[in-house]
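Text of the file start_2.cif, holding mmCIF, C-alpha atoms:
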data_entry
loop_
_atom_site.label_atom_id
_atom_site.label_comp_id
_atom_site.auth_asym_id
_atom_site.auth_seq_id
_atom_site.Cartn_x
_atom_site.Cartn_y
_atom_site.Cartn_z
CA MET Q 155 102.98 64.43 91.05
CA LYS Q 156 106.18 64.67 93.10
CA ILE Q 157 106.29 68.04 94.77
CA ALA Q 158 108.89 69.61 97.05
CA VAL Q 159 107.75 71.98 99.77
CA LEU Q 160 110.70 74.02 101.00
CA GLY Q 161 110.09 75.43 104.46
CA THR Q 162 108.51 74.04 107.61
CA GLY Q 163 106.45 77.01 108.81
CA ASN Q 164 102.70 77.49 108.66
CA VAL Q 165 102.75 78.10 104.92
CA GLY Q 166 104.79 74.99 104.15
CA ASP Q 167 102.62 72.90 106.46
CA THR Q 168 99.38 74.18 104.94
CA ILE Q 169 100.54 73.67 101.37
CA GLY Q 170 102.05 70.29 102.20
CA TYR Q 171 98.92 68.89 103.86
CA LYS Q 172 96.77 70.05 100.98
CA LEU Q 173 99.04 68.44 98.40
CA VAL Q 174 99.03 65.12 100.27
CA GLU Q 175 95.26 65.34 100.60
CA LEU Q 176 95.10 65.83 96.82
CA GLY Q 177 97.13 62.63 96.35
CA HIS Q 178 100.51 64.12 95.53
CA GLU Q 179 103.82 62.83 96.84
CA VAL Q 180 105.34 65.54 98.99
CA MET Q 181 108.83 65.93 100.35
CA MET Q 182 109.21 68.71 102.86
CA GLY Q 183 112.66 70.25 102.71
CA SER Q 184 114.52 71.94 105.53
CA ARG Q 185 118.10 72.84 106.45
CA THR Q 186 118.63 69.70 108.48
CA LEU Q 187 117.32 66.17 108.09
CA ASN Q 188 116.04 65.94 111.65
CA ASN Q 189 113.98 69.14 111.56
CA GLU Q 190 111.26 68.60 114.18
CA LYS Q 191 108.55 70.42 112.27
CA ALA Q 192 109.24 68.43 109.11
CA LEU Q 193 109.18 65.16 111.06
CA SER Q 194 105.92 66.22 112.71
CA PHE Q 195 104.45 67.02 109.27
CA VAL Q 196 105.43 63.59 107.95
CA ALA Q 197 104.06 61.85 111.05
CA LYS Q 198 100.65 63.47 110.54
CA CYS Q 199 100.45 62.50 106.85
CA ASN Q 200 100.11 59.21 105.03
CA GLU Q 201 102.93 57.44 103.22
CA LYS Q 202 102.90 60.04 100.44
CA ALA Q 203 104.82 62.45 102.69
CA SER Q 204 108.52 62.44 103.42
CA ASN Q 205 111.17 64.88 104.45
CA GLY Q 206 114.74 65.69 103.56
CA THR Q 207 117.22 68.49 103.13
CA PHE Q 208 116.48 71.37 100.77
CA ALA Q 209 118.67 69.59 98.22
CA ASP Q 210 116.92 66.24 98.75
CA ALA Q 211 113.51 67.83 98.32
CA ALA Q 212 114.50 69.84 95.27
CA SER Q 213 115.92 66.71 93.63
CA PHE Q 214 112.71 64.83 94.44
CA GLY Q 215 110.18 67.35 93.21
CA GLU Q 216 108.99 67.92 89.67
CA ILE Q 217 107.62 71.15 91.08
CA ILE Q 218 109.31 72.96 93.96
CA ILE Q 219 107.43 75.37 96.17
CA ASN Q 220 109.36 78.03 98.07
CA CYS Q 221 107.60 78.43 101.42
CA THR Q 222 110.61 79.75 103.29
CA LYS Q 223 110.63 83.21 104.83
CA GLY Q 224 111.48 85.82 102.21
CA GLU Q 225 114.46 87.16 104.09
CA VAL Q 226 116.20 83.75 103.97
CA SER Q 227 114.77 82.37 100.71
CA ILE Q 228 117.82 82.96 98.53
CA ASP Q 229 120.16 81.36 101.09
CA ALA Q 230 117.81 78.42 101.56
CA LEU Q 231 117.48 77.89 97.82
CA LYS Q 232 121.26 78.01 97.43
CA LEU Q 233 121.36 74.87 99.57
CA ALA Q 234 119.25 73.20 96.88
CA GLY Q 235 121.54 74.59 94.19
CA ASN Q 236 121.71 72.68 90.94
CA ALA Q 237 118.73 70.54 91.90
CA LEU Q 238 116.58 73.52 90.90
CA ASN Q 239 117.76 73.43 87.29
CA GLY Q 240 114.97 72.89 84.81
CA LYS Q 241 112.36 72.68 87.56
CA ILE Q 242 109.28 74.79 88.09
CA LEU Q 243 109.88 76.83 91.22
CA ILE Q 244 106.72 78.33 92.67
CA ASP Q 245 107.65 81.28 94.84
CA ILE Q 246 105.04 82.20 97.40
CA ALA Q 247 107.37 84.04 99.77
CA ASN Q 248 107.49 87.78 100.44
CA PRO Q 249 110.55 89.94 101.17
CA LEU Q 250 109.30 91.26 104.49
CA ASP Q 251 111.65 93.39 106.55
CA PHE Q 252 110.95 93.23 110.28
CA SER Q 253 113.91 95.42 111.23
CA ASN Q 254 111.82 98.61 111.29
CA GLY Q 255 109.12 97.29 113.63
CA MET Q 256 105.56 96.26 112.92
CA PRO Q 257 103.95 96.09 110.48
CA PRO Q 258 106.98 94.97 108.47
CA SER Q 259 108.12 96.94 105.45
CA LEU Q 260 109.70 95.39 102.35
CA ILE Q 261 113.41 94.63 102.07
CA PRO Q 262 114.65 97.69 100.12
CA ALA Q 263 116.92 95.75 97.75
CA LEU Q 264 114.08 93.34 96.94
CA SER Q 265 111.27 95.83 96.32
CA ASN Q 266 110.02 98.64 94.11
CA THR Q 267 112.37 98.14 91.12
CA ASN Q 268 113.22 94.57 92.09
CA SER Q 269 111.44 91.69 93.82
CA LEU Q 270 112.21 88.47 95.62
CA GLY Q 271 110.76 86.53 92.70
CA GLU Q 272 113.07 88.23 90.23
CA GLU Q 273 116.08 87.88 92.52
CA ILE Q 274 115.43 84.15 92.79
CA GLN Q 275 115.16 83.93 89.00
CA LYS Q 276 118.41 85.86 88.56
CA THR Q 277 120.18 83.65 91.11
CA PHE Q 278 118.86 80.42 89.55
CA PRO Q 279 118.51 81.23 85.84
CA ASN Q 280 117.79 77.59 84.95
CA ALA Q 281 114.80 77.32 87.24
CA LYS Q 282 111.38 78.37 85.96
CA VAL Q 283 110.17 80.75 88.64
CA VAL Q 284 106.44 81.34 88.91
CA LYS Q 285 105.15 83.84 91.46
CA THR Q 286 101.67 83.21 92.82
CA LEU Q 287 99.62 82.84 96.03
CA ASN Q 288 101.81 85.29 97.96
CA THR Q 289 99.08 87.90 98.42
CA MET Q 290 96.94 86.12 100.99
CA TRP Q 291 96.80 84.07 104.18
CA CYS Q 292 97.92 80.49 103.58
CA GLY Q 293 94.53 79.06 104.58
CA LEU Q 294 93.04 80.74 101.52
CA MET Q 295 95.85 79.70 99.19
CA VAL Q 296 94.71 76.09 99.33
CA ASN Q 297 91.05 76.71 100.06
CA PRO Q 298 89.82 79.82 98.22
CA ILE Q 299 86.22 78.70 98.59
CA LEU Q 300 86.48 79.53 102.29
CA ILE Q 301 85.35 83.09 101.49
CA GLY Q 302 83.16 84.70 98.85
CA ASN Q 303 82.52 81.50 96.92
CA GLY Q 304 86.19 81.54 95.89
CA GLU Q 305 85.57 84.66 93.84
CA HIS Q 306 88.63 86.77 94.69
CA VAL Q 307 91.90 87.30 92.94
CA ASN Q 308 95.09 85.28 92.81
CA TYR Q 309 97.85 86.75 90.67
CA ILE Q 310 100.36 84.73 88.70
CA SER Q 311 103.51 85.89 86.91
CA GLY Q 312 106.57 84.29 85.40
CA ASN Q 313 108.76 84.23 82.34
CA ASP Q 314 107.85 80.72 81.12
CA ALA Q 315 104.34 80.30 79.73
CA ASP Q 316 104.36 76.51 79.97
CA ALA Q 317 105.46 76.64 83.59
CA LYS Q 318 102.67 79.08 84.37
CA ASN Q 319 100.12 76.77 82.75
CA LYS Q 320 101.29 73.85 84.87
CA VAL Q 321 101.06 75.98 88.00
CA ILE Q 322 97.58 77.07 87.00
CA SER Q 323 96.57 73.39 86.88
CA LEU Q 324 97.83 72.98 90.42
CA LEU Q 325 95.94 76.12 91.47
CA ASN Q 326 92.82 74.60 89.94
CA GLU Q 327 93.35 71.57 92.17
CA PHE Q 328 93.48 73.93 95.15
CA GLY Q 329 90.07 75.25 94.12
CA TRP Q 330 91.04 78.34 92.11
CA LYS Q 331 88.79 78.94 89.14
CA ASN Q 332 90.59 80.26 86.06
CA GLU Q 333 88.57 83.45 85.96
CA PHE Q 334 90.00 84.44 89.34
CA ILE Q 335 93.60 83.68 88.41
CA LEU Q 336 94.98 86.85 86.84
CA ASP Q 337 98.10 86.45 84.71
CA LEU Q 338 100.11 89.66 85.08
CA GLY Q 339 102.75 88.65 82.57
CA ASP Q 340 106.46 88.26 83.20
CA LEU Q 341 108.16 88.08 86.56
CA THR Q 342 108.62 91.83 86.91
CA ALA Q 343 104.99 91.73 88.07
CA ALA Q 344 106.26 90.16 91.29
CA ARG Q 345 107.27 93.72 92.25
CA ALA Q 346 103.59 94.53 92.36
CA THR Q 347 102.24 91.36 93.95
CA GLU Q 348 104.87 91.45 96.70
CA ALA Q 349 103.92 95.11 97.23
CA VAL Q 350 100.40 93.94 98.09
CA LEU Q 351 101.78 92.95 101.49
CA PRO Q 352 101.83 96.46 102.98
CA ILE Q 353 98.12 97.00 102.30
CA TRP Q 354 97.32 93.41 103.25
CA LEU Q 355 99.00 93.93 106.62
CA ARG Q 356 97.21 97.25 107.22
CA VAL Q 357 93.80 95.80 106.37
CA TYR Q 358 94.56 92.88 108.66
CA GLY Q 359 95.58 95.33 111.38
CA ALA Q 360 92.35 97.31 110.98
CA THR Q 361 89.97 94.35 110.71
CA LYS Q 362 91.82 91.77 112.89
CA ASN Q 363 90.82 89.14 110.38
CA GLY Q 364 93.38 87.50 108.12
CA ALA Q 365 90.86 85.37 106.25
CA PHE Q 366 90.24 88.00 103.61
CA ASN Q 367 91.32 88.65 100.07
CA PHE Q 368 90.82 91.25 97.38
CA LYS Q 369 88.37 90.92 94.53
CA ILE Q 370 88.68 93.00 91.39
CA ILE Q 371 85.42 94.81 90.72
CA ASN Q 372 84.89 96.30 87.27
CA MET E 1368 81.69 124.54 101.63
CA LYS E 1369 84.71 126.39 100.21
CA ILE E 1370 87.12 123.86 98.78
CA ALA E 1371 90.49 124.31 97.10
CA VAL E 1372 91.52 121.90 94.37
CA LEU E 1373 95.25 122.11 93.81
CA GLY E 1374 96.24 120.83 90.40
CA THR E 1375 94.74 121.16 86.93
CA GLY E 1376 95.14 117.65 85.57
CA ASN E 1377 92.46 115.01 85.07
CA VAL E 1378 92.20 114.33 88.77
CA GLY E 1379 91.78 117.99 89.71
CA ASP E 1380 89.25 118.49 86.93
CA THR E 1381 87.21 115.45 87.92
CA ILE E 1382 87.18 116.32 91.61
CA GLY E 1383 86.48 119.98 90.86
CA TYR E 1384 83.50 119.33 88.57
CA LYS E 1385 81.98 116.94 91.09
CA LEU E 1386 82.35 119.43 93.94
CA VAL E 1387 80.70 122.19 91.90
CA GLU E 1388 77.93 119.78 90.92
CA LEU E 1389 77.42 119.07 94.63
CA GLY E 1390 77.02 122.80 95.26
CA HIS E 1391 80.40 123.60 96.77
CA GLU E 1392 82.44 126.69 95.99
CA VAL E 1393 85.62 125.56 94.32
CA MET E 1394 88.84 127.43 93.64
CA MET E 1395 91.26 125.58 91.41
CA GLY E 1396 94.84 126.40 92.27
CA SER E 1397 97.81 126.34 89.94
CA ARG E 1398 101.30 127.80 89.73
CA THR E 1399 100.22 130.77 87.65
CA LEU E 1400 97.02 132.79 87.60
CA ASN E 1401 96.51 132.42 83.86
CA ASN E 1402 96.80 128.62 83.75
CA GLU E 1403 94.83 127.58 80.66
CA LYS E 1404 93.45 124.39 82.14
CA ALA E 1405 92.24 126.20 85.24
CA LEU E 1406 90.58 128.88 83.11
CA SER E 1407 88.97 126.18 80.99
CA PHE E 1408 87.67 124.47 84.14
CA VAL E 1409 86.15 127.72 85.41
CA ALA E 1410 84.60 128.46 82.01
CA LYS E 1411 82.81 125.10 82.02
CA CYS E 1412 81.42 125.53 85.54
CA ASN E 1413 78.85 127.84 87.08
CA GLU E 1414 79.67 130.83 89.26
CA LYS E 1415 80.69 128.57 92.12
CA ALA E 1416 84.04 127.94 90.41
CA SER E 1417 87.06 130.19 90.35
CA ASN E 1418 90.77 129.91 89.96
CA GLY E 1419 93.89 131.33 91.54
CA THR E 1420 97.43 130.55 92.56
CA PHE E 1421 98.14 127.67 94.91
CA ALA E 1422 98.34 130.25 97.72
CA ASP E 1423 95.05 131.91 96.68
CA ALA E 1424 93.27 128.59 96.59
CA ALA E 1425 94.70 127.37 99.89
CA SER E 1426 93.65 130.64 101.55
CA PHE E 1427 90.16 130.28 100.07
CA GLY E 1428 89.48 126.65 100.98
CA GLU E 1429 88.24 125.28 104.27
CA ILE E 1430 89.34 121.97 102.83
CA ILE E 1431 92.28 121.70 100.42
CA ILE E 1432 92.64 118.79 98.05
CA ASN E 1433 96.08 117.94 96.69
CA CYS E 1434 95.55 116.77 93.11
CA THR E 1435 99.04 117.62 91.90
CA LYS E 1436 101.40 114.97 90.59
CA GLY E 1437 103.14 113.24 93.47
CA GLU E 1438 106.63 114.05 92.25
CA VAL E 1439 105.91 117.80 92.47
CA SER E 1440 103.39 117.87 95.33
CA ILE E 1441 105.74 119.08 98.06
CA ASP E 1442 107.06 121.90 95.88
CA ALA E 1443 103.56 122.89 94.81
CA LEU E 1444 102.30 122.89 98.39
CA LYS E 1445 105.25 125.03 99.46
CA LEU E 1446 103.83 127.73 97.19
CA ALA E 1447 100.71 127.65 99.35
CA GLY E 1448 102.84 127.72 102.49
CA ASN E 1449 101.24 129.18 105.59
CA ALA E 1450 97.81 129.14 103.99
CA LEU E 1451 97.75 125.42 104.77
CA ASN E 1452 97.96 125.98 108.51
CA GLY E 1453 95.02 124.60 110.42
CA LYS E 1454 93.34 123.38 107.24
CA ILE E 1455 92.29 119.87 106.28
CA LEU E 1456 94.54 118.79 103.44
CA ILE E 1457 93.23 115.79 101.54
CA ASP E 1458 96.11 114.13 99.75
CA ILE E 1459 95.07 111.97 96.82
CA ALA E 1460 98.43 112.03 95.02
CA ASN E 1461 100.88 109.17 94.61
CA PRO E 1462 104.69 109.32 94.58
CA LEU E 1463 105.10 107.72 91.17
CA ASP E 1464 108.58 107.55 89.69
CA PHE E 1465 108.61 107.49 85.90
CA SER E 1466 112.41 107.57 85.63
CA ASN E 1467 112.70 103.77 85.38
CA GLY E 1468 110.22 103.35 82.53
CA MET E 1469 106.69 101.99 82.53
CA PRO E 1470 104.90 101.03 84.63
CA PRO E 1471 106.23 103.60 87.08
CA SER E 1472 107.75 102.53 90.37
CA LEU E 1473 107.50 104.52 93.60
CA ILE E 1474 109.90 107.35 94.49
CA PRO E 1475 112.33 105.53 96.81
CA ALA E 1476 112.53 108.30 99.42
CA LEU E 1477 108.73 108.46 99.56
CA SER E 1478 107.91 104.77 99.81
CA ASN E 1479 108.21 101.64 101.94
CA THR E 1480 109.23 103.25 105.27
CA ASN E 1481 107.92 106.67 104.24
CA SER E 1482 105.13 108.01 102.05
CA LEU E 1483 104.11 111.15 100.23
CA GLY E 1484 101.30 111.66 102.72
CA GLU E 1485 103.68 111.53 105.67
CA GLU E 1486 106.22 113.75 103.93
CA ILE E 1487 103.54 116.37 103.34
CA GLN E 1488 102.51 116.15 106.99
CA LYS E 1489 106.13 116.52 108.13
CA THR E 1490 106.64 119.50 105.80
CA PHE E 1491 103.41 121.21 106.90
CA PRO E 1492 102.95 120.12 110.53
CA ASN E 1493 100.06 122.54 111.06
CA ALA E 1494 97.96 121.11 108.26
CA LYS E 1495 95.70 118.15 108.96
CA VAL E 1496 96.65 115.69 106.25
CA VAL E 1497 94.14 112.99 105.35
CA LYS E 1498 95.08 110.38 102.78
CA THR E 1499 92.24 108.88 100.78
CA LEU E 1500 90.99 108.14 97.24
CA ASN E 1501 94.52 107.60 95.87
CA THR E 1502 94.04 103.92 95.11
CA MET E 1503 91.75 104.21 92.10
CA TRP E 1504 90.98 105.96 88.80
CA CYS E 1505 89.60 109.46 89.36
CA GLY E 1506 86.28 108.62 87.70
CA LEU E 1507 85.58 106.20 90.54
CA MET E 1508 86.74 108.58 93.26
CA VAL E 1509 83.71 110.80 92.72
CA ASN E 1510 81.35 108.15 91.39
CA PRO E 1511 81.93 104.84 93.14
CA ILE E 1512 78.50 103.57 92.08
CA LEU E 1513 79.87 103.29 88.54
CA ILE E 1514 80.99 99.72 89.34
CA GLY E 1515 79.75 96.96 91.62
CA ASN E 1516 77.00 99.03 93.23
CA GLY E 1517 79.70 101.14 94.89
CA GLU E 1518 80.72 98.14 96.98
CA HIS E 1519 84.51 98.34 96.83
CA VAL E 1520 87.09 99.77 99.17
CA ASN E 1521 88.33 103.29 99.74
CA TYR E 1522 90.99 103.63 102.43
CA ILE E 1523 91.39 106.62 104.69
CA SER E 1524 94.21 107.48 107.06
CA GLY E 1525 95.38 110.50 109.00
CA ASN E 1526 96.51 111.68 112.41
CA ASP E 1527 93.47 113.86 113.23
CA ALA E 1528 90.24 112.00 113.94
CA ASP E 1529 88.04 115.06 113.49
CA ALA E 1530 89.61 115.85 110.13
CA LYS E 1531 89.04 112.27 109.00
CA ASN E 1532 85.38 112.50 110.00
CA LYS E 1533 84.93 115.66 107.96
CA VAL E 1534 86.57 114.01 104.97
CA ILE E 1535 84.33 110.98 105.39
CA SER E 1536 81.33 113.30 105.12
CA LEU E 1537 82.68 114.60 101.83
CA LEU E 1538 83.29 111.04 100.65
CA ASN E 1539 79.67 110.26 101.51
CA GLU E 1540 78.66 113.15 99.23
CA PHE E 1541 80.71 111.53 96.46
CA GLY E 1542 78.66 108.36 96.96
CA TRP E 1543 80.90 106.35 99.27
CA LYS E 1544 78.97 104.36 101.84
CA ASN E 1545 80.61 104.20 105.26
CA GLU E 1546 80.92 100.43 105.19
CA PHE E 1547 83.24 100.71 102.18
CA ILE E 1548 85.44 103.42 103.70
CA LEU E 1549 88.11 101.61 105.68
CA ASP E 1550 89.94 103.66 108.31
CA LEU E 1551 93.49 102.32 108.48
CA GLY E 1552 94.50 104.57 111.35
CA ASP E 1553 97.28 107.14 111.38
CA LEU E 1554 99.09 108.52 108.38
CA THR E 1555 101.76 105.81 108.34
CA ALA E 1556 99.08 103.77 106.55
CA ALA E 1557 99.72 106.00 103.52
CA ARG E 1558 102.80 103.82 102.96
CA ALA E 1559 100.43 100.96 102.25
CA THR E 1560 97.76 102.78 100.25
CA GLU E 1561 100.36 104.45 98.03
CA ALA E 1562 101.90 100.99 97.56
CA VAL E 1563 98.61 99.87 96.01
CA LEU E 1564 99.69 101.68 92.86
CA PRO E 1565 102.11 99.01 91.63
CA ILE E 1566 99.43 96.31 91.67
CA TRP E 1567 96.81 98.75 90.36
CA LEU E 1568 99.05 99.55 87.40
CA ARG E 1569 99.74 95.87 86.67
CA VAL E 1570 96.07 94.93 86.81
CA TYR E 1571 95.32 97.85 84.53
CA GLY E 1572 98.07 96.67 82.19
CA ALA E 1573 96.66 93.14 82.12
CA THR E 1574 92.99 94.06 81.78
CA LYS E 1575 93.27 97.35 79.81
CA ASN E 1576 90.45 98.70 81.94
CA GLY E 1577 91.08 101.42 84.52
CA ALA E 1578 87.49 101.50 85.79
CA PHE E 1579 88.12 98.86 88.43
CA ASN E 1580 88.70 98.78 92.13
CA PHE E 1581 89.41 96.23 94.84
CA LYS E 1582 86.78 94.86 97.19
CA ILE E 1583 87.70 93.20 100.44
CA ILE E 1584 86.12 89.76 100.64
CA ASN E 1585 85.99 88.04 104.01
#

Just dump the structure as structure tokens.
Amino acid sequence: MKIAVLGTGNVGDTIGYKLVELGHEVMMGSRTLNNEKALSFVAKCNEKASNGTFADAASFGEIIINCTKGEVSIDALKLAGNALNGKILIDIANPLDFSNGMPPSLIPALSNTNSLGEEIQKTFPNAKVVKTLNTMWCGLMVNPILIGNGEHVNYISGNDADAKNKVISLLNEFGWKNEFILDLGDLTAARATEAVLPIWLRVYGATKNGAFNFKIIN
Amino acid sequence: MKIAVLGTGNVGDTIGYKLVELGHEVMMGSRTLNNEKALSFVAKCNEKASNGTFADAASFGEIIINCTKGEVSIDALKLAGNALNGKILIDIANPLDFSNGMPPSLIPALSNTNSLGEEIQKTFPNAKVVKTLNTMWCGLMVNPILIGNGEHVNYISGNDADAKNKVISLLNEFGWKNEFILDLGDLTAARATEAVLPIWLRVYGATKNGAFNFKIIN
């Protein structure tokens, strides 16, 4: 499948490598064509990887994955603009606010009664936004088996059932078993999954180990 | 030990019964002396249980447990006033905001860069506020063994190490093993544990089962 990875940070890199490893064609999108991190990503991959602007990548991908920092996601996605129309847009970013020191809080306008996922959907009503994978370290996103036999939770939410099903198939390729993918319903659930970050950050601070996730015990 | 349970709802009832069962002397506090739920609680318990006003109960207890609804906690605690001074105040309430429909969001002024726990500490600087147990259904608070062999997480935070240790002893009496009590540090961590509620409520909404908790897998 042709997949766009928007963002050149650790998350974009990790997702991108995994997708290439799985045999997908990946275009990494960034603000500028000569982004060093994107070029470095392409150089380390086989011929299935390429890079381009956000607009190039969004045009290329059947699925688009937002791996940009939450605070700049809307602006970055605006550079892709109409290329998002009709596409599945997987949002794995979080609206972290670093302006109040560490650990970060959430951007007030994008939390509690709103979320980054919903704001992206409102800004790009013709994209099919699916929120998932945003509640853990990126190493686990693409390799859940790394801990606890892969038996820990990954939430998914979105307004389009078919889009969610296609994303679930991709999650399965990453190693997520269906019984550990919890569908929370429509995209308002992104308010809750993005609000996992505060406790995630505190647990990380207390344990000094980011390779953890939550399992639902019942 | 003499323990005050402030609040006559399900949480106060559940905590109160367990404390009496464990052999503690419990005074349930409410706004008025003739509160029907408090009288009903006392009637169902042995002679170790009594009831009184918030001030009566706070004066009585060596440890005070805030089981009032988060939206009224500060006002309720003000009725106890100076009786809180020097006491350990266990805060298990959450600042839920029902004004935007269901599921509730968090009260904006008591979330993200603030918390109910911190607001209580600021309002009553001579109390030793310890935040714990607020991230789960009350049935699990006092009976963690009900699910997963008791192997799921209960967070604790507070500014007074000695107070936290005393609360941990009480948690041990409830059945919490130390390895599943995670100390997140000072009371600013209440911002994170109170922010567990949004995801708790969504998981509950998706699974229709409140008898669950999160386990940290690493």

Within 10 Å of Asp316 in chain Q, counting all atoms listed in the file, which residues show up once you throw out same-chain ones fewer than 4 positions away? Write them as a ChimeraX atom specification, please. /Q:242,282,312,320-322

Could you work out which residues of chain Q fall inside 8 Å of chain E? Count only C-alpha atoms, and format the result as an MDAnalysis selection string. chainID Q and resid 259:260 262 266:267 301:302 306 337:339 343 345:347 349:350 352:353 356:357 359:360 365:372

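Every residue that the PyMOL selection byres ((chain E and resi 1527) around 8) selects in this file is listed here: Lys1495, Val1496, Val1497, Gly1525, Asn1526, Ala1528, Asp1529, Ala1530, Lys1531 and Asp1553 of chain E.
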
Which residues, written as a short mmCIF file (atom, residue, chain, number, x, y, z; two decimals) with C-alpha atoms, in the coordinates of the input, have at least one atom at most 8 Å from range 1390-1401 of chain E, with only C-alpha atoms counted and residues fewer than 3 positions away on the same chain left out?
data_model
loop_
_atom_site.label_atom_id
_atom_site.label_comp_id
_atom_site.auth_asym_id
_atom_site.auth_seq_id
_atom_site.Cartn_x
_atom_site.Cartn_y
_atom_site.Cartn_z
CA MET E 1368 81.69 124.54 101.63
CA LYS E 1369 84.71 126.39 100.21
CA ILE E 1370 87.12 123.86 98.78
CA ALA E 1371 90.49 124.31 97.10
CA VAL E 1372 91.52 121.90 94.37
CA LEU E 1373 95.25 122.11 93.81
CA GLY E 1374 96.24 120.83 90.40
CA THR E 1375 94.74 121.16 86.93
CA GLY E 1379 91.78 117.99 89.71
CA GLY E 1383 86.48 119.98 90.86
CA LEU E 1386 82.35 119.43 93.94
CA VAL E 1387 80.70 122.19 91.90
CA ALA E 1405 92.24 126.20 85.24
CA LEU E 1406 90.58 128.88 83.11
CA LYS E 1415 80.69 128.57 92.12
CA ALA E 1416 84.04 127.94 90.41
CA SER E 1417 87.06 130.19 90.35
CA ASN E 1418 90.77 129.91 89.96
CA GLY E 1419 93.89 131.33 91.54
CA THR E 1420 97.43 130.55 92.56
CA PHE E 1421 98.14 127.67 94.91
CA ALA E 1422 98.34 130.25 97.72
CA ASP E 1423 95.05 131.91 96.68
CA ALA E 1424 93.27 128.59 96.59
CA ALA E 1425 94.70 127.37 99.89
CA PHE E 1427 90.16 130.28 100.07
CA GLY E 1428 89.48 126.65 100.98
CA ALA E 1443 103.56 122.89 94.81
CA LEU E 1446 103.83 127.73 97.19
#

Calculate how many Å separate CA of Asn1521 in chain E from CA of Gly255 in chain Q, rounding to one decimal. 25.7 Å
